[in-house]
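Here's the structure we're looking at; comments come further down.
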Amino acid sequence: MGKFIIEGGKKLVGEIEIQGAKNAALPILAAALMTNEKVKIHNVPKLIDVDNMLKILKNLGVHTEFDGRSVTIEAQEINSYSIGNSLAKELRSSVFLLGAVLSRCKKAVVAYPGGCDIGLRPIDIHIKALRDLGIKIEEKAGYVYCDGSSPEAGEVCLDYPSVGATENVILAAIGIPGVTVVYNAAREPEIVELQNFINSMGGHVRGAGTPKITIEGTEILHGTEYTVMPDRIVAGTYIISVIMTGGDVAIKSIKNGDLSSLISKLSKNSCNIASNNGIIYVKAKGRPKAVDYISTQPYPGFPTDLQAPFMALQTISKGTCVFTENIFENRFRHVPELRKMGADVIIRDRTAVIKGVSELVGAEVYAQDLRGGAALVLAGLAAHGITVVNDIYHIDRGYENMEKVFNKLGANIIRV
Ligand code: EPZ
């Protein structure tokens with residue numbers, strides 16, 4: 001299952017580039033099957049989740065090539081509209097393939113992706129929205145059967161600004177003649193990226209990044225060449241690591257606005273953060289002060305994907321932090337592992353109370369999920385002594401060569 005052996009106490013110094021955004025690349029790869037012309041997508045991160053998405057596309061009859069940086073997609077023929085159990089479970093986000101396959105094939109069948117490490121992950125909001133667009137949906141024996149033979153463009157109001165449901169509706173609405181408007185849409189930057197990609201294929205999507213998105217049904221989409229935005233969650237994780245190790249790092253190609261909630265929390269009492277022409281300069285400023293209260297929210301609020309890495313920082317900050325996780329119901333699985341390293345954290349329902357300690361101590365710990373695993377690596381970098389993080393396949397789902405990035409900055413991490 002793979003592990004990292006981390007020697008703690010090394011300051012991170014230097015400069016890094018940020019990988020392409022996983023949560024932008026995945027819906028873009030799904031959207032690429034909506035044209036029968038060639039699509040080239042650059043800056044695609046080499047990750048387990050990307051590999052799984054490519055496997056699913058291949059199973060649908062799509063020709064894909066990936067050189068570790070760029071993906072070429074040719075969906076001349078789609079010879080299946082069904083996404084089976086094993087792959088749907090491997091990759092939860094396969095659910096937004098529903099919208100893309102419906103647009104292309106007017107039919108789609110997907111196995112219920114089911115829960116994952118961080119929660120039940122229901123898809124009721126997706127299903128209600130697609131039904132509102134006249135798509136007939138039957139849920140049977142763990143599968144979702146969709147018939148898009150007589151869809152109706154119209155207005156959809158999401159009960160919650162779900163990222164995946166917003167993406168699914170955009171993708172499905174492309175294949176529906178007429179104008180569809182989505183209200184209470186998610187506003188994440190990755191959705192703006194999906195809009196830009198679709199429009200580069202000749203689509204007409206407007207309003208991504210706001211709660212109201214308008215999609216014009218488009219009969220034919222043409223091929224395109226597109227470069228994926230940098231990963232703001234990976235960048236945020238690395239910014240936090242610099243502060244935890246007393247470092248000084250330049251992080252290239254991140255738009256400041258994509259991390260404003262994190263940067264506003266950090267710049268007040270943890271470090272000097274400045275940015276110009278797409279480079280963020282982070283310099284630690286002694287022992288960070290705890291943020292007294294923080295809660296995760298849909299964008300532009302504090303991102304749930306940075307909750308675990310930010311908690312790692314709070315475990316060694318001066319003071320007490322009250323941290324509420326509002327988005328997923330099981331996203332504190334890194335807490336018992338952090339406690340093994342001497343962190344003082346107690347959980348009550350969806351709230352963690354973190355009392356900062358002056359130093360963590362290296363220990364053997366186990367990654368439970370993607371972002372919780374990253375948090376354990378950050379704790380190991382800051383801890384006194386050696387930390388072993390097991391089950392690092394969780395981390396490889398979202399961070400490309402994490403140990404190489406950190407070692408380039410002066411860390412000492414061995415992958416075994
Ligand atoms: C996307 O997941 C991201 N994944 C997640 O990143 C991210 O944490 C999440 O958005 C929130 O920002 C990808 O983009 C591939 P949601 P998604 O639908 O679309 C509930 C990572 O670490 N909900 O906005 O699944 C759901 O259970 C991953 O990179 C319903 O109840 O997130 C959750 O509590 C983890 N019914 C909340 O809404 C639904 O039909 C937010 O989910 C859909 C969602």
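Residues are named by chain letter and number: chains run A, B, ... in the order of the structure tokens, numbers start at 1 in each chain, and ligands are numbered from 1 in the order shown.
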
Check every protein, DNA and RNA residue against ligand 1, keep those with an atom at most 9 Å away (counting only C-alpha atoms and all ligand atoms), and present them as a compact mmCIF listing (two decimals) with all heavy atoms, in the first residue's frame.
# COMPACT_ATOMS: atom_id res chain seq x y z
N LYS A 22 -6.98 18.65 -10.15
CA LYS A 22 -7.69 17.36 -10.30
C LYS A 22 -9.18 17.62 -10.50
O LYS A 22 -9.81 17.05 -11.39
CB LYS A 22 -7.49 16.52 -9.05
CG LYS A 22 -8.45 15.34 -8.90
CD LYS A 22 -8.18 14.47 -7.69
CE LYS A 22 -8.76 14.97 -6.43
NZ LYS A 22 -10.20 14.69 -6.23
N ASN A 23 -9.75 18.52 -9.69
CA ASN A 23 -11.22 18.70 -9.69
C ASN A 23 -11.71 19.58 -10.83
O ASN A 23 -12.91 19.79 -10.98
CB ASN A 23 -11.69 19.22 -8.33
CG ASN A 23 -11.48 18.17 -7.25
OD1 ASN A 23 -11.19 17.00 -7.55
ND2 ASN A 23 -11.58 18.57 -6.00
N ALA A 24 -10.73 20.06 -11.64
CA ALA A 24 -11.09 20.70 -12.91
C ALA A 24 -10.88 19.70 -14.04
O ALA A 24 -11.71 19.58 -14.95
CB ALA A 24 -10.23 21.95 -13.15
N ALA A 25 -9.77 18.96 -13.98
CA ALA A 25 -9.44 18.00 -15.05
C ALA A 25 -10.51 16.92 -15.18
O ALA A 25 -10.90 16.56 -16.30
CB ALA A 25 -8.08 17.37 -14.77
N LEU A 26 -11.04 16.42 -14.07
CA LEU A 26 -12.00 15.30 -14.14
C LEU A 26 -13.27 15.68 -14.90
O LEU A 26 -13.65 14.98 -15.86
CB LEU A 26 -12.30 14.77 -12.73
CG LEU A 26 -11.12 14.08 -12.04
CD1 LEU A 26 -11.45 13.73 -10.59
CD2 LEU A 26 -10.70 12.82 -12.79
N PRO A 27 -13.97 16.78 -14.56
CA PRO A 27 -15.16 17.12 -15.35
C PRO A 27 -14.82 17.49 -16.79
O PRO A 27 -15.60 17.25 -17.71
CB PRO A 27 -15.79 18.29 -14.60
CG PRO A 27 -14.77 18.79 -13.66
CD PRO A 27 -13.82 17.68 -13.39
N ASP A 49 -6.88 9.14 -9.65
CA ASP A 49 -8.26 9.49 -10.08
C ASP A 49 -8.32 9.78 -11.58
O ASP A 49 -9.31 9.47 -12.24
CB ASP A 49 -8.76 10.72 -9.28
CG ASP A 49 -9.33 10.31 -7.93
OD1 ASP A 49 -9.16 9.13 -7.54
OD2 ASP A 49 -9.96 11.16 -7.28
N LEU A 91 -14.13 5.51 -8.75
CA LEU A 91 -14.07 6.96 -8.97
C LEU A 91 -15.45 7.56 -8.76
O LEU A 91 -16.32 7.52 -9.63
CB LEU A 91 -13.59 7.27 -10.40
CG LEU A 91 -13.46 8.77 -10.67
CD1 LEU A 91 -12.30 9.36 -9.88
CD2 LEU A 91 -13.27 9.02 -12.15
N ARG A 92 -15.65 8.12 -7.56
CA ARG A 92 -16.95 8.69 -7.22
C ARG A 92 -17.40 9.73 -8.23
O ARG A 92 -18.54 9.85 -8.57
CB ARG A 92 -16.83 9.34 -5.84
CG ARG A 92 -17.36 8.52 -4.73
CD ARG A 92 -17.77 9.46 -3.66
NE ARG A 92 -18.43 10.62 -4.22
CZ ARG A 92 -19.69 10.64 -4.61
NH1 ARG A 92 -20.38 9.54 -4.58
NH2 ARG A 92 -20.24 11.73 -5.08
N SER A 93 -16.43 10.50 -8.69
CA SER A 93 -16.83 11.62 -9.55
C SER A 93 -17.24 11.13 -10.93
O SER A 93 -17.54 11.91 -11.81
CB SER A 93 -15.72 12.65 -9.65
OG SER A 93 -14.50 11.99 -9.81
N SER A 94 -17.29 9.79 -11.11
CA SER A 94 -17.80 9.29 -12.41
C SER A 94 -19.26 9.69 -12.57
O SER A 94 -19.78 9.73 -13.66
CB SER A 94 -17.68 7.77 -12.46
OG SER A 94 -18.32 7.22 -11.32
N VAL A 95 -19.89 10.08 -11.46
CA VAL A 95 -21.32 10.41 -11.54
C VAL A 95 -21.58 11.56 -12.49
O VAL A 95 -22.60 11.62 -13.17
CB VAL A 95 -21.90 10.70 -10.15
CG1 VAL A 95 -21.37 11.98 -9.55
CG2 VAL A 95 -23.42 10.73 -10.19
N PHE A 96 -20.61 12.51 -12.64
CA PHE A 96 -20.93 13.60 -13.56
C PHE A 96 -20.68 13.21 -15.01
O PHE A 96 -20.90 13.98 -15.93
CB PHE A 96 -20.28 14.94 -13.21
CG PHE A 96 -18.83 14.95 -12.94
CD1 PHE A 96 -17.93 14.44 -13.87
CD2 PHE A 96 -18.33 15.45 -11.76
CE1 PHE A 96 -16.59 14.45 -13.63
CE2 PHE A 96 -16.98 15.46 -11.50
CZ PHE A 96 -16.11 14.98 -12.43
N GLY A 115 -20.82 5.50 -1.07
CA GLY A 115 -20.06 6.34 -0.14
C GLY A 115 -18.56 6.17 -0.34
O GLY A 115 -18.11 5.35 -1.11
N ILE A 118 -15.07 9.83 3.12
CA ILE A 118 -15.44 11.04 3.89
C ILE A 118 -16.94 11.20 4.08
O ILE A 118 -17.40 12.17 4.69
CB ILE A 118 -14.86 12.32 3.20
CG1 ILE A 118 -15.39 12.45 1.78
CG2 ILE A 118 -13.35 12.29 3.25
CD1 ILE A 118 -14.93 13.74 1.11
N GLY A 119 -17.73 10.25 3.55
CA GLY A 119 -19.16 10.39 3.80
C GLY A 119 -19.99 9.56 2.85
O GLY A 119 -19.46 8.90 1.95
N LEU A 120 -21.30 9.65 3.02
CA LEU A 120 -22.22 8.81 2.23
C LEU A 120 -22.25 9.22 0.77
O LEU A 120 -22.52 8.43 -0.12
CB LEU A 120 -23.64 8.91 2.83
CG LEU A 120 -23.84 8.16 4.14
CD1 LEU A 120 -25.22 8.46 4.73
CD2 LEU A 120 -23.66 6.67 3.93
N ARG A 121 -22.03 10.49 0.51
CA ARG A 121 -21.96 11.03 -0.85
C ARG A 121 -23.21 10.67 -1.68
O ARG A 121 -23.13 10.04 -2.73
CB ARG A 121 -20.70 10.56 -1.57
CG ARG A 121 -19.42 10.68 -0.82
CD ARG A 121 -18.96 12.10 -0.54
NE ARG A 121 -18.53 12.83 -1.70
CZ ARG A 121 -17.29 12.81 -2.20
NH1 ARG A 121 -16.38 12.07 -1.64
NH2 ARG A 121 -16.97 13.54 -3.25
N PRO A 122 -24.41 11.00 -1.22
CA PRO A 122 -25.61 10.70 -2.00
C PRO A 122 -25.61 11.50 -3.31
O PRO A 122 -24.84 12.45 -3.46
CB PRO A 122 -26.75 11.16 -1.09
CG PRO A 122 -26.14 12.14 -0.17
CD PRO A 122 -24.71 11.74 0.01
N ILE A 123 -26.47 11.10 -4.25
CA ILE A 123 -26.56 11.85 -5.52
C ILE A 123 -28.00 12.32 -5.78
O ILE A 123 -28.39 12.57 -6.93
CB ILE A 123 -26.03 11.01 -6.71
CG1 ILE A 123 -26.83 9.70 -6.86
CG2 ILE A 123 -24.55 10.74 -6.58
CD1 ILE A 123 -26.51 8.96 -8.15
N ASP A 124 -28.77 12.49 -4.71
CA ASP A 124 -30.17 12.90 -4.85
C ASP A 124 -30.33 14.27 -5.54
O ASP A 124 -31.26 14.48 -6.32
CB ASP A 124 -30.85 12.93 -3.47
CG ASP A 124 -30.10 13.81 -2.49
OD1 ASP A 124 -28.86 13.64 -2.36
OD2 ASP A 124 -30.71 14.71 -1.89
N ILE A 125 -29.40 15.18 -5.28
CA ILE A 125 -29.50 16.52 -5.89
C ILE A 125 -29.26 16.41 -7.41
O ILE A 125 -29.93 17.05 -8.22
CB ILE A 125 -28.52 17.50 -5.24
CG1 ILE A 125 -28.82 17.64 -3.73
CG2 ILE A 125 -28.56 18.88 -5.90
CD1 ILE A 125 -27.80 18.43 -2.95
N HIS A 126 -28.30 15.56 -7.79
CA HIS A 126 -28.05 15.30 -9.23
C HIS A 126 -29.33 14.78 -9.87
O HIS A 126 -29.77 15.28 -10.90
CB HIS A 126 -26.98 14.22 -9.40
CG HIS A 126 -25.62 14.54 -8.90
ND1 HIS A 126 -24.54 14.71 -9.72
CD2 HIS A 126 -25.14 14.71 -7.63
CE1 HIS A 126 -23.46 14.97 -8.99
NE2 HIS A 126 -23.81 14.97 -7.73
N ILE A 127 -29.93 13.77 -9.24
CA ILE A 127 -31.08 13.08 -9.85
C ILE A 127 -32.28 14.02 -9.96
O ILE A 127 -32.92 14.11 -11.01
CB ILE A 127 -31.42 11.80 -9.03
CG1 ILE A 127 -30.30 10.77 -9.28
CG2 ILE A 127 -32.78 11.24 -9.42
CD1 ILE A 127 -30.39 9.51 -8.50
N LYS A 128 -32.52 14.81 -8.89
CA LYS A 128 -33.67 15.74 -8.93
C LYS A 128 -33.47 16.76 -10.05
O LYS A 128 -34.40 17.06 -10.81
CB LYS A 128 -33.80 16.45 -7.58
CG LYS A 128 -34.97 17.42 -7.49
CD LYS A 128 -35.13 18.00 -6.08
CE LYS A 128 -36.25 19.03 -6.04
NZ LYS A 128 -35.99 20.18 -6.99
N ASP A 159 -31.08 22.23 -4.49
CA ASP A 159 -31.40 22.40 -3.06
C ASP A 159 -30.16 22.82 -2.27
O ASP A 159 -30.26 23.39 -1.19
CB ASP A 159 -31.92 21.07 -2.47
CG ASP A 159 -33.29 20.72 -3.07
OD1 ASP A 159 -33.92 21.64 -3.65
OD2 ASP A 159 -33.69 19.54 -3.01
N TYR A 160 -28.99 22.47 -2.82
CA TYR A 160 -27.72 22.81 -2.16
C TYR A 160 -26.71 23.05 -3.29
O TYR A 160 -26.78 22.37 -4.32
CB TYR A 160 -27.26 21.63 -1.27
CG TYR A 160 -25.86 21.81 -0.72
CD1 TYR A 160 -25.62 22.47 0.48
CD2 TYR A 160 -24.76 21.35 -1.46
CE1 TYR A 160 -24.33 22.65 0.96
CE2 TYR A 160 -23.46 21.52 -0.98
CZ TYR A 160 -23.25 22.18 0.22
OH TYR A 160 -21.97 22.37 0.68
N PRO A 161 -25.80 24.00 -3.16
CA PRO A 161 -24.85 24.27 -4.26
C PRO A 161 -23.80 23.17 -4.40
O PRO A 161 -22.61 23.36 -4.14
CB PRO A 161 -24.21 25.60 -3.86
CG PRO A 161 -24.32 25.67 -2.38
CD PRO A 161 -25.58 24.93 -2.02
N SER A 162 -24.28 22.00 -4.82
CA SER A 162 -23.40 20.84 -5.00
C SER A 162 -22.50 21.06 -6.22
O SER A 162 -22.99 21.36 -7.32
CB SER A 162 -24.26 19.58 -5.20
OG SER A 162 -23.57 18.62 -5.98
N VAL A 163 -21.20 20.85 -6.04
CA VAL A 163 -20.24 21.02 -7.15
C VAL A 163 -20.55 20.01 -8.25
O VAL A 163 -20.76 20.37 -9.41
CB VAL A 163 -18.80 20.84 -6.64
CG1 VAL A 163 -17.79 20.84 -7.78
CG2 VAL A 163 -18.45 21.92 -5.62
N GLY A 164 -20.64 18.75 -7.90
CA GLY A 164 -20.86 17.69 -8.90
C GLY A 164 -22.20 17.83 -9.58
O GLY A 164 -22.31 17.67 -10.79
N ALA A 165 -23.23 18.19 -8.82
CA ALA A 165 -24.57 18.32 -9.42
C ALA A 165 -24.59 19.50 -10.39
O ALA A 165 -25.18 19.42 -11.48
CB ALA A 165 -25.62 18.51 -8.34
N THR A 166 -23.90 20.60 -10.02
CA THR A 166 -23.81 21.76 -10.94
C THR A 166 -23.14 21.34 -12.24
O THR A 166 -23.62 21.63 -13.34
CB THR A 166 -23.02 22.90 -10.28
OG1 THR A 166 -23.65 23.29 -9.04
CG2 THR A 166 -22.92 24.12 -11.19
N GLU A 167 -22.06 20.60 -12.13
CA GLU A 167 -21.33 20.14 -13.33
C GLU A 167 -22.18 19.19 -14.16
O GLU A 167 -22.25 19.30 -15.38
CB GLU A 167 -20.01 19.47 -12.90
CG GLU A 167 -19.01 20.48 -12.35
CD GLU A 167 -17.89 19.86 -11.53
OE1 GLU A 167 -17.99 18.67 -11.12
OE2 GLU A 167 -16.90 20.57 -11.28
N ALA A 186 -23.21 25.84 -7.62
CA ALA A 186 -21.93 25.95 -6.90
C ALA A 186 -21.08 26.97 -7.65
O ALA A 186 -21.23 27.16 -8.86
CB ALA A 186 -21.23 24.60 -6.85
N GLU A 188 -17.52 27.25 -7.34
CA GLU A 188 -16.09 26.91 -7.33
C GLU A 188 -15.38 27.30 -8.62
O GLU A 188 -15.98 27.20 -9.72
CB GLU A 188 -15.92 25.41 -7.07
CG GLU A 188 -15.89 25.01 -5.59
CD GLU A 188 -17.23 25.15 -4.85
OE1 GLU A 188 -18.25 25.51 -5.49
OE2 GLU A 188 -17.27 24.91 -3.65
N GLU A 190 -13.39 25.65 -10.32
CA GLU A 190 -13.34 24.51 -11.24
C GLU A 190 -14.57 24.50 -12.16
O GLU A 190 -14.50 23.95 -13.26
CB GLU A 190 -13.25 23.21 -10.45
CG GLU A 190 -11.92 22.98 -9.71
CD GLU A 190 -11.78 23.83 -8.44
OE1 GLU A 190 -12.81 24.32 -7.92
OE2 GLU A 190 -10.63 24.04 -8.01
N ILE A 233 -6.18 23.57 -4.25
CA ILE A 233 -6.15 22.82 -2.98
C ILE A 233 -4.73 22.30 -2.73
O ILE A 233 -4.21 22.36 -1.61
CB ILE A 233 -7.16 21.66 -3.00
CG1 ILE A 233 -8.58 22.18 -3.26
CG2 ILE A 233 -7.07 20.83 -1.72
CD1 ILE A 233 -9.09 23.19 -2.24
N GLN A 297 -17.16 25.97 4.21
CA GLN A 297 -18.37 26.44 3.51
C GLN A 297 -18.19 26.20 2.01
O GLN A 297 -17.05 26.07 1.55
CB GLN A 297 -18.51 27.96 3.69
CG GLN A 297 -18.62 28.44 5.13
CD GLN A 297 -19.92 28.04 5.80
OE1 GLN A 297 -20.88 27.65 5.11
NE2 GLN A 297 -19.96 28.08 7.12
N PRO A 298 -19.27 26.22 1.26
CA PRO A 298 -19.11 26.21 -0.20
C PRO A 298 -18.31 27.44 -0.64
O PRO A 298 -18.27 28.44 0.06
CB PRO A 298 -20.55 26.28 -0.73
CG PRO A 298 -21.40 25.81 0.41
CD PRO A 298 -20.69 26.22 1.67
N TYR A 299 -17.65 27.36 -1.80
CA TYR A 299 -16.87 28.49 -2.32
C TYR A 299 -17.76 29.72 -2.43
O TYR A 299 -18.93 29.59 -2.80
CB TYR A 299 -16.34 28.13 -3.71
CG TYR A 299 -15.32 29.12 -4.24
CD1 TYR A 299 -13.97 28.96 -3.97
CD2 TYR A 299 -15.73 30.22 -4.97
CE1 TYR A 299 -13.04 29.88 -4.44
CE2 TYR A 299 -14.80 31.15 -5.42
CZ TYR A 299 -13.46 30.97 -5.15
OH TYR A 299 -12.55 31.89 -5.59
N PRO A 303 -12.52 26.21 2.07
CA PRO A 303 -12.80 24.93 1.39
C PRO A 303 -12.67 23.70 2.30
O PRO A 303 -11.68 23.57 3.02
CB PRO A 303 -11.76 24.89 0.28
CG PRO A 303 -10.69 25.83 0.66
CD PRO A 303 -11.28 26.84 1.60
N THR A 304 -13.62 22.81 2.23
CA THR A 304 -13.57 21.57 3.02
C THR A 304 -12.31 20.77 2.69
O THR A 304 -11.75 20.09 3.56
CB THR A 304 -14.83 20.71 2.78
OG1 THR A 304 -14.70 19.46 3.46
CG2 THR A 304 -15.05 20.44 1.29
N ASP A 305 -11.81 20.88 1.47
CA ASP A 305 -10.63 20.10 1.08
C ASP A 305 -9.36 20.58 1.77
O ASP A 305 -8.34 19.88 1.75
CB ASP A 305 -10.43 20.14 -0.44
CG ASP A 305 -11.54 19.40 -1.15
OD1 ASP A 305 -12.32 18.69 -0.48
OD2 ASP A 305 -11.66 19.54 -2.38
N LEU A 306 -9.43 21.78 2.38
CA LEU A 306 -8.25 22.26 3.13
C LEU A 306 -8.46 22.14 4.64
O LEU A 306 -7.61 22.57 5.43
CB LEU A 306 -7.91 23.71 2.74
CG LEU A 306 -7.21 23.86 1.39
CD1 LEU A 306 -6.99 25.33 1.06
CD2 LEU A 306 -5.88 23.11 1.37
N ASN A 326 -18.65 21.65 7.86
CA ASN A 326 -20.08 21.71 7.49
C ASN A 326 -20.42 20.94 6.23
O ASN A 326 -21.60 20.78 5.90
CB ASN A 326 -20.48 23.19 7.25
CG ASN A 326 -20.51 23.97 8.54
OD1 ASN A 326 -21.03 23.48 9.55
ND2 ASN A 326 -19.93 25.15 8.55
N ILE A 327 -19.42 20.48 5.48
CA ILE A 327 -19.72 19.93 4.15
C ILE A 327 -19.85 18.41 4.16
O ILE A 327 -20.82 17.87 3.63
CB ILE A 327 -18.63 20.37 3.12
CG1 ILE A 327 -18.38 21.87 3.18
CG2 ILE A 327 -19.00 19.89 1.72
CD1 ILE A 327 -19.55 22.73 2.76
N PHE A 328 -18.91 17.71 4.74
CA PHE A 328 -18.97 16.24 4.76
C PHE A 328 -19.08 15.73 6.20
O PHE A 328 -18.46 16.29 7.10
CB PHE A 328 -17.73 15.62 4.08
CG PHE A 328 -17.71 15.82 2.60
CD1 PHE A 328 -16.89 16.76 2.01
CD2 PHE A 328 -18.56 15.07 1.78
CE1 PHE A 328 -16.90 16.96 0.63
CE2 PHE A 328 -18.56 15.25 0.40
CZ PHE A 328 -17.73 16.20 -0.16
N GLU A 329 -19.82 14.63 6.35
CA GLU A 329 -20.14 14.17 7.71
C GLU A 329 -19.08 13.29 8.34
O GLU A 329 -19.12 12.95 9.50
CB GLU A 329 -21.49 13.42 7.72
CG GLU A 329 -21.52 12.08 7.01
CD GLU A 329 -21.84 12.18 5.52
OE1 GLU A 329 -21.63 13.26 4.95
OE2 GLU A 329 -22.25 11.16 4.95
N ASP A 369 -7.83 9.02 4.17
CA ASP A 369 -8.46 9.58 2.96
C ASP A 369 -7.46 10.58 2.36
O ASP A 369 -6.40 10.84 2.94
CB ASP A 369 -9.81 10.26 3.27
CG ASP A 369 -9.70 11.34 4.33
OD1 ASP A 369 -8.93 12.32 4.10
OD2 ASP A 369 -10.31 11.19 5.39
N LEU A 370 -7.82 11.14 1.22
CA LEU A 370 -6.89 11.97 0.45
C LEU A 370 -6.35 13.17 1.23
O LEU A 370 -5.14 13.32 1.44
CB LEU A 370 -7.60 12.42 -0.83
CG LEU A 370 -7.02 13.57 -1.65
CD1 LEU A 370 -5.58 13.33 -2.01
CD2 LEU A 370 -7.85 13.78 -2.90
N ARG A 371 -7.21 14.03 1.71
CA ARG A 371 -6.74 15.28 2.33
C ARG A 371 -6.28 15.03 3.78
O ARG A 371 -5.37 15.70 4.26
CB ARG A 371 -7.84 16.35 2.30
CG ARG A 371 -8.42 16.59 0.93
CD ARG A 371 -7.39 17.03 -0.11
NE ARG A 371 -8.01 17.14 -1.44
CZ ARG A 371 -7.38 17.42 -2.56
NH1 ARG A 371 -6.09 17.60 -2.53
NH2 ARG A 371 -8.01 17.49 -3.71
N ARG A 397 -3.99 9.84 -4.92
CA ARG A 397 -5.21 10.13 -5.68
C ARG A 397 -5.27 11.60 -6.07
O ARG A 397 -5.94 11.97 -7.04
CB ARG A 397 -6.46 9.79 -4.84
CG ARG A 397 -6.83 8.33 -4.76
CD ARG A 397 -8.22 8.18 -4.16
NE ARG A 397 -9.11 9.16 -4.73
CZ ARG A 397 -9.93 9.94 -4.02
NH1 ARG A 397 -9.94 9.84 -2.70
NH2 ARG A 397 -10.72 10.81 -4.59
N GLY A 398 -4.60 12.48 -5.27
CA GLY A 398 -4.78 13.92 -5.52
C GLY A 398 -3.52 14.74 -5.55
O GLY A 398 -3.53 15.89 -5.99

Apply DSSP to the structure's backbone, then extract all residues of range 260-390 of chain A labelled strand (DSSP E or B) and return them as a ChimeraX atom specification. /A:271-276,279-284,289,293-296,302,318,320-324,344-348,351-355,361,364-366,384,386-390

Nearby residues (only C-alpha atoms) at most 10 Å from Ile56 in chain A, same-chain spacing under 6 positions excluded, as a count of residues only: 13

Using only C-alpha atoms, tabulate the residues of range 225-342 of chain A lying at most 12 Å from any atom of range 193-198 of chain A, each with its closest atom pair and that distance in Å to one decimal, by chain and increasing residue number, as a Markdown table.
| residue | atom | partner | partner_atom | distance |
| --- | --- | --- | --- | --- |
| A:Glu225 | CA | A:Phe197 | CA | 8.8 |
| A:Tyr226 | CA | A:Phe197 | CA | 6.7 |
| A:Thr227 | CA | A:Phe197 | CA | 8.8 |
| A:Val228 | CA | A:Glu193 | CA | 7.6 |
| A:Met229 | CA | A:Glu193 | CA | 7.3 |
| A:Pro230 | CA | A:Glu193 | CA | 10.6 |
| A:Asp231 | CA | A:Glu193 | CA | 11.5 |
| A:Asp258 | CA | A:Glu193 | CA | 11.9 |

Just how far from CA of Asn276 in chain A is CA of Ala312 in chain A, in Å to one decimal?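 Between CA of Ala312 in chain A and CA of Asn276 in chain A the gap works out to 27.4 Å.
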
Fewer than 3 positions away in the same chain doesn't count, so skip those; otherwise give me all residues within 12 Å of Lys404 in chain A, counting only C-alpha atoms, as a count of residues only. 15

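Omitting Tyr281 in chain A and its sequence neighbours fewer than 3 positions away, and counting only C-alpha atoms, the residues within 9 Å are Glu15, Ile239, Asp248, Val249, Ala250, Ile251, Lys252, Asn272, Ile273, Ala274, Ser275 and Asn276 of chain A.
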
All alpha helix (DSSP H) positions in range 95-270 of chain A, as a ChimeraX atom specification: /A:97-105,124-132,163-174,189-200,232-244,260-269

In Å, how far is it from CA of Lys11 in chain A to CA of Met244 in chain A? 8.6 Å

Hey, what's within 7 Å of Ser261 in chain A if we count only C-alpha atoms and toss same-chain stuff fewer than 4 positions away? As a ChimeraX atom specification, please? /A:265,300-302

How would the residues just picked look written out with C-alpha atoms as a PDB file, in the first residue's frame?
ATOM      1  CA  LYS A 265      -6.807  33.406   7.594  1.00  0.00           C
ATOM      2  CA  PRO A 300     -15.892  31.282  -1.701  1.00  0.00           C
ATOM      3  CA  GLY A 301     -15.965  30.130   1.947  1.00  0.00           C
ATOM      4  CA  PHE A 302     -13.154  28.117   3.500  1.00  0.00           C
TER       5      PHE A 302
END

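The residue set within 9 Å of Asp292 in chain A, counting only C-alpha atoms and dropping same-chain residues fewer than 5 places from it, reads Gly319, Thr320, Cys321, Val322 and Phe323 of chain A.
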
Print the selection's residues with all heavy atoms to a file, as a short mmCIF file (atom, residue, chain, number, x, y, z; two decimals), in the first residue's frame.
data_model
loop_
_atom_site.label_atom_id
_atom_site.label_comp_id
_atom_site.auth_asym_id
_atom_site.auth_seq_id
_atom_site.Cartn_x
_atom_site.Cartn_y
_atom_site.Cartn_z
N GLY A 319 -2.46 28.80 20.94
CA GLY A 319 -3.87 29.09 21.22
C GLY A 319 -4.78 27.94 20.85
O GLY A 319 -4.32 26.83 20.55
N THR A 320 -6.09 28.24 20.84
CA THR A 320 -7.10 27.20 20.60
C THR A 320 -7.94 27.56 19.39
O THR A 320 -8.32 28.72 19.22
CB THR A 320 -8.02 27.05 21.83
OG1 THR A 320 -7.20 26.65 22.94
CG2 THR A 320 -9.09 25.98 21.60
N CYS A 321 -8.20 26.54 18.54
CA CYS A 321 -9.01 26.74 17.34
C CYS A 321 -10.26 25.86 17.42
O CYS A 321 -10.17 24.68 17.75
CB CYS A 321 -8.20 26.35 16.10
SG CYS A 321 -9.18 26.33 14.57
N VAL A 322 -11.41 26.47 17.15
CA VAL A 322 -12.67 25.70 17.07
C VAL A 322 -13.02 25.59 15.60
O VAL A 322 -13.24 26.61 14.92
CB VAL A 322 -13.80 26.41 17.84
CG1 VAL A 322 -15.10 25.63 17.68
CG2 VAL A 322 -13.42 26.55 19.31
N PHE A 323 -13.02 24.34 15.09
CA PHE A 323 -13.08 24.12 13.64
C PHE A 323 -14.32 23.28 13.31
O PHE A 323 -14.43 22.14 13.76
CB PHE A 323 -11.82 23.36 13.21
CG PHE A 323 -11.44 23.53 11.77
CD1 PHE A 323 -10.12 23.41 11.38
CD2 PHE A 323 -12.38 23.84 10.78
CE1 PHE A 323 -9.73 23.58 10.03
CE2 PHE A 323 -12.01 24.02 9.47
CZ PHE A 323 -10.69 23.89 9.08
#

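Proximity ranking of A:Asn85, A:Asn184, A:Thr35, A:Gln307 relative to Gly202 in chain A places A:Thr35 first, based on only C-alpha atoms.
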